[in-house]
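As structure tokens, the structure follows; a few thoughts come after it.
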Amino acid sequence: LLNPLKNDYNAEDVAREHLNLLIDEKLDEGTKSCYEAYTAYACVPVLEKKLEENGMFRLFNEIEMPLVFTLYDMEQAGVKIEGEELKHYGEELGARIVELEKEIYEMAGEEFNINSPKQLGVILFEKLEMPHAKKTKTGYSTAADVLDKLAPEYPIVAKILEYRQLAKLKSTYADGLANYIGMDGRIHSKFNQTITATGRISSTEPNLQNIPVRTELGREIRRMFTAESDNDCLVDADYSQIELRVLAHMSDDENMKAAFTENIDIHTQTASQVFGVPIDMVDSVMRFRAKAVNFGIVYGIGAFSLAQDLKIPVKEADAYIKQYLHHYPNVDEYMKKAIDDARKTGYAVTMMGRRRNIPELKASNKNVQAFGERVAMNAPIQGSAADIIKAAMVKVYKRLKRENLKSKL
């Protein structure tokens, strides 16, 4: 909590930073263990005092420490996955990948390494003479944004994009997840409390927080996570639009608050206001664009990035943002104040007092400064949302224990 920009907190660093004590790396294991134990003991009053001074002692005591036990039990419980189905799914993907390879080679008129950006660039931009070629130090760019522009007109490019998507699904999920299935037929992921600077929990070995949901093939993977038996079920609980609700609360914007209190879909309302049409006239394209603006604003997005996300001219994206801030004036005020406050104090702070230092605001490089400004706007929102979900996890966990229920997080 006191230094969230670090990833690990070993005894040597903690002793040096908080006790002015140097632990010699060359000590034998026994002596080193004694120093580590002493560090843990001696740091208690020092760290408690610093947490109090920084307004984070309650956050530490009531959320972060109880969460240690919650996450430990979650790791022990794991989640069941249908191993045989996953294997079969991987084989199906593999067969389709081989098919795609053949089709791509035929269309290209020769065999080449599809995974090599250099070779792919030569095929697309020299042999097949496609437009939108972007030269890089190593050859032509074959990044997704370049290929996305070409795909509608060139079937080979559409196939290459499909090939990439399937190859990623196979390596990351079909094969990747299979490596982590334990003897009990369950995956026991690690949940990390101290990795992200905003306070969000991250998941590794494997990451179970990014199982795809946007495509039909991605949803297939989700289907393989099951309850223990036919008599059990998985229950999914989440907060609806939590980051936007936090933004409505922190900015105290009347229009945004009204959308939530009156239970109007926030993206539809934003679309109605940005595009100047009645709510019942908002179509799916308008809602999709408004959603990008809503979340973009939360992440401090500029007109250029929004234009890229929505594949529209920068001028149009700029107009969307201006319209948005015109209809949610307090959000505009909140964003400006968040940056000013962070410049004065050197950090951003969440509703529950979590701090995130932003040294980037003092950088001489303008791009680094701009990144710092985006962090200043976003960290209080994302961090507050993380704190709220953590508090909920702790409460649910304690209640399941208290009522002696079979259910597990």
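All residue names refer to the structure tokens as shown: chains lettered A, B, ... in order, residues numbered from 1 in each chain, ligands numbered from 1 in order.
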
From a DSSP calculation on the backbone, collect every residue of segment 101-321 of chain A in helix (DSSP H, G or I) and output the set as a ChimeraX atom specification. /A:101-108,117-127,144-150,155-178,216-223,242-251,254-261,266-275,279-281,284-298,303-310,314-321

Close residues, Arg200 of chain A itself excluded, 10 Å, only C-alpha atoms, min 6 positions apart in chain, as number ranges by chain: A: 192-194, 382-387, 389-390

Which of segment 108-332 of chain A end up as strand (DSSP E or B) when DSSP is run on this backbone - answer as a PyMOL selection string? chain A and resi 135-136+139-140+181+186-187+190-192+202-204+225-226

Would you put the residues from that selection into a file with all heavy atoms, as a short mmCIF file (atom, residue, chain, number, x, y, z; two decimals), in the first residue's frame?
```cif
data_model
loop_
_atom_site.label_atom_id
_atom_site.label_comp_id
_atom_site.auth_asym_id
_atom_site.auth_seq_id
_atom_site.Cartn_x
_atom_site.Cartn_y
_atom_site.Cartn_z
N LYS A 135 6.46 0.95 -43.33
CA LYS A 135 7.82 0.43 -43.16
C LYS A 135 8.26 0.57 -41.70
O LYS A 135 8.04 1.59 -41.07
CB LYS A 135 8.78 1.22 -44.04
CG LYS A 135 9.00 0.61 -45.42
CD LYS A 135 9.96 -0.58 -45.35
CE LYS A 135 10.44 -0.99 -46.75
NZ LYS A 135 11.23 -2.22 -46.70
N THR A 136 8.88 -0.49 -41.17
CA THR A 136 9.49 -0.40 -39.84
C THR A 136 10.98 -0.73 -40.01
O THR A 136 11.43 -1.01 -41.13
CB THR A 136 8.86 -1.44 -38.87
OG1 THR A 136 9.17 -2.75 -39.36
CG2 THR A 136 7.36 -1.28 -38.77
N GLY A 139 11.23 -4.30 -41.46
CA GLY A 139 10.45 -4.67 -42.65
C GLY A 139 9.15 -3.90 -42.69
O GLY A 139 9.11 -2.72 -42.37
N TYR A 140 8.08 -4.61 -43.05
CA TYR A 140 6.75 -3.97 -43.09
C TYR A 140 5.98 -4.30 -41.82
O TYR A 140 6.10 -5.41 -41.29
CB TYR A 140 5.95 -4.47 -44.30
CG TYR A 140 6.53 -4.09 -45.63
CD1 TYR A 140 7.33 -5.00 -46.32
CD2 TYR A 140 6.27 -2.85 -46.21
CE1 TYR A 140 7.86 -4.66 -47.56
CE2 TYR A 140 6.80 -2.52 -47.45
CZ TYR A 140 7.60 -3.42 -48.11
OH TYR A 140 8.12 -3.10 -49.33
N ILE A 181 -3.95 -28.22 -15.29
CA ILE A 181 -4.99 -29.04 -14.63
C ILE A 181 -4.32 -29.96 -13.61
O ILE A 181 -3.41 -30.72 -13.94
CB ILE A 181 -5.80 -29.86 -15.66
CG1 ILE A 181 -6.47 -28.92 -16.67
CG2 ILE A 181 -6.85 -30.72 -14.96
CD1 ILE A 181 -7.19 -29.62 -17.81
N ARG A 186 -8.85 -29.91 -11.38
CA ARG A 186 -9.15 -28.48 -11.20
C ARG A 186 -7.92 -27.63 -11.51
O ARG A 186 -6.80 -28.11 -11.42
CB ARG A 186 -9.62 -28.22 -9.76
CG ARG A 186 -10.87 -28.99 -9.39
CD ARG A 186 -11.18 -28.89 -7.90
NE ARG A 186 -11.89 -27.66 -7.59
CZ ARG A 186 -13.20 -27.50 -7.71
NH1 ARG A 186 -13.95 -28.49 -8.14
NH2 ARG A 186 -13.77 -26.36 -7.42
N ILE A 187 -8.17 -26.38 -11.86
CA ILE A 187 -7.07 -25.43 -12.08
C ILE A 187 -6.97 -24.54 -10.85
O ILE A 187 -7.97 -23.97 -10.41
CB ILE A 187 -7.32 -24.59 -13.35
CG1 ILE A 187 -7.16 -25.45 -14.60
CG2 ILE A 187 -6.36 -23.40 -13.41
CD1 ILE A 187 -7.39 -24.72 -15.91
N LYS A 190 -3.10 -18.58 -9.34
CA LYS A 190 -2.59 -17.74 -8.24
C LYS A 190 -3.25 -16.36 -8.36
O LYS A 190 -3.32 -15.80 -9.45
CB LYS A 190 -1.08 -17.57 -8.36
CG LYS A 190 -0.29 -18.82 -8.03
CD LYS A 190 1.20 -18.48 -7.98
CE LYS A 190 2.01 -19.58 -7.31
NZ LYS A 190 2.11 -20.79 -8.13
N PHE A 191 -3.72 -15.84 -7.23
CA PHE A 191 -4.30 -14.49 -7.22
C PHE A 191 -3.32 -13.55 -6.52
O PHE A 191 -2.93 -13.80 -5.39
CB PHE A 191 -5.66 -14.49 -6.52
CG PHE A 191 -6.69 -15.30 -7.27
CD1 PHE A 191 -7.13 -16.52 -6.77
CD2 PHE A 191 -7.20 -14.85 -8.47
CE1 PHE A 191 -8.05 -17.28 -7.48
CE2 PHE A 191 -8.12 -15.60 -9.18
CZ PHE A 191 -8.55 -16.82 -8.68
N ASN A 192 -2.92 -12.50 -7.23
CA ASN A 192 -1.88 -11.62 -6.71
C ASN A 192 -2.46 -10.30 -6.21
O ASN A 192 -3.20 -9.64 -6.92
CB ASN A 192 -0.86 -11.32 -7.81
CG ASN A 192 -0.42 -12.60 -8.51
OD1 ASN A 192 0.10 -13.49 -7.87
ND2 ASN A 192 -0.66 -12.70 -9.81
N SER A 202 -4.69 -9.47 -9.64
CA SER A 202 -4.34 -10.10 -10.92
C SER A 202 -4.25 -11.61 -10.71
O SER A 202 -4.13 -12.08 -9.58
CB SER A 202 -3.03 -9.53 -11.47
OG SER A 202 -1.93 -10.07 -10.76
N SER A 203 -4.32 -12.33 -11.82
CA SER A 203 -4.34 -13.79 -11.75
C SER A 203 -3.25 -14.33 -12.67
O SER A 203 -3.12 -13.89 -13.80
CB SER A 203 -5.74 -14.26 -12.19
OG SER A 203 -5.72 -15.57 -12.67
N THR A 204 -2.44 -15.28 -12.15
CA THR A 204 -1.36 -15.85 -12.97
C THR A 204 -1.31 -17.36 -12.76
O THR A 204 -1.83 -17.89 -11.79
CB THR A 204 0.02 -15.26 -12.58
OG1 THR A 204 0.15 -15.27 -11.16
CG2 THR A 204 0.17 -13.84 -13.08
N PHE A 225 -15.47 -24.60 -18.08
CA PHE A 225 -15.36 -24.43 -16.62
C PHE A 225 -16.70 -24.81 -16.02
O PHE A 225 -17.72 -24.19 -16.35
CB PHE A 225 -14.99 -22.99 -16.27
CG PHE A 225 -13.59 -22.64 -16.64
CD1 PHE A 225 -13.30 -22.06 -17.87
CD2 PHE A 225 -12.54 -22.90 -15.78
CE1 PHE A 225 -11.99 -21.75 -18.24
CE2 PHE A 225 -11.23 -22.61 -16.13
CZ PHE A 225 -10.95 -22.03 -17.36
N THR A 226 -16.71 -25.81 -15.17
CA THR A 226 -18.00 -26.34 -14.69
C THR A 226 -18.02 -26.45 -13.17
O THR A 226 -16.98 -26.34 -12.51
CB THR A 226 -18.26 -27.74 -15.28
OG1 THR A 226 -17.20 -28.61 -14.85
CG2 THR A 226 -18.32 -27.73 -16.79
#
```

Given only C-alpha atoms, how would the per-residue table for segment 335-400 of chain A near segment 54-61 of chain A read, listing every residue at most 8 Å away with its closest atom pair and distance in Å to one decimal, sorted by chain and number, as JSON lines?
```
{"residue": "A:Met352", "atom": "CA", "partner": "A:Leu59", "partner_atom": "CA", "distance": 6.6}
{"residue": "A:Gly353", "atom": "CA", "partner": "A:Met56", "partner_atom": "CA", "distance": 5.7}
{"residue": "A:Arg354", "atom": "CA", "partner": "A:Met56", "partner_atom": "CA", "distance": 6.3}
```

Give me, please, the distance in Å between atom CA of Tyr299 of chain A and atom CA of Ala376 of chain A, quoted to one decimal.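 Going from atom CA of Tyr299 of chain A over to atom CA of Ala376 of chain A covers 9.6 Å.
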
Quick one, how far is atom CA of Gln273 of chain A from atom CA of Ala307 of chain A? 18.8 Å
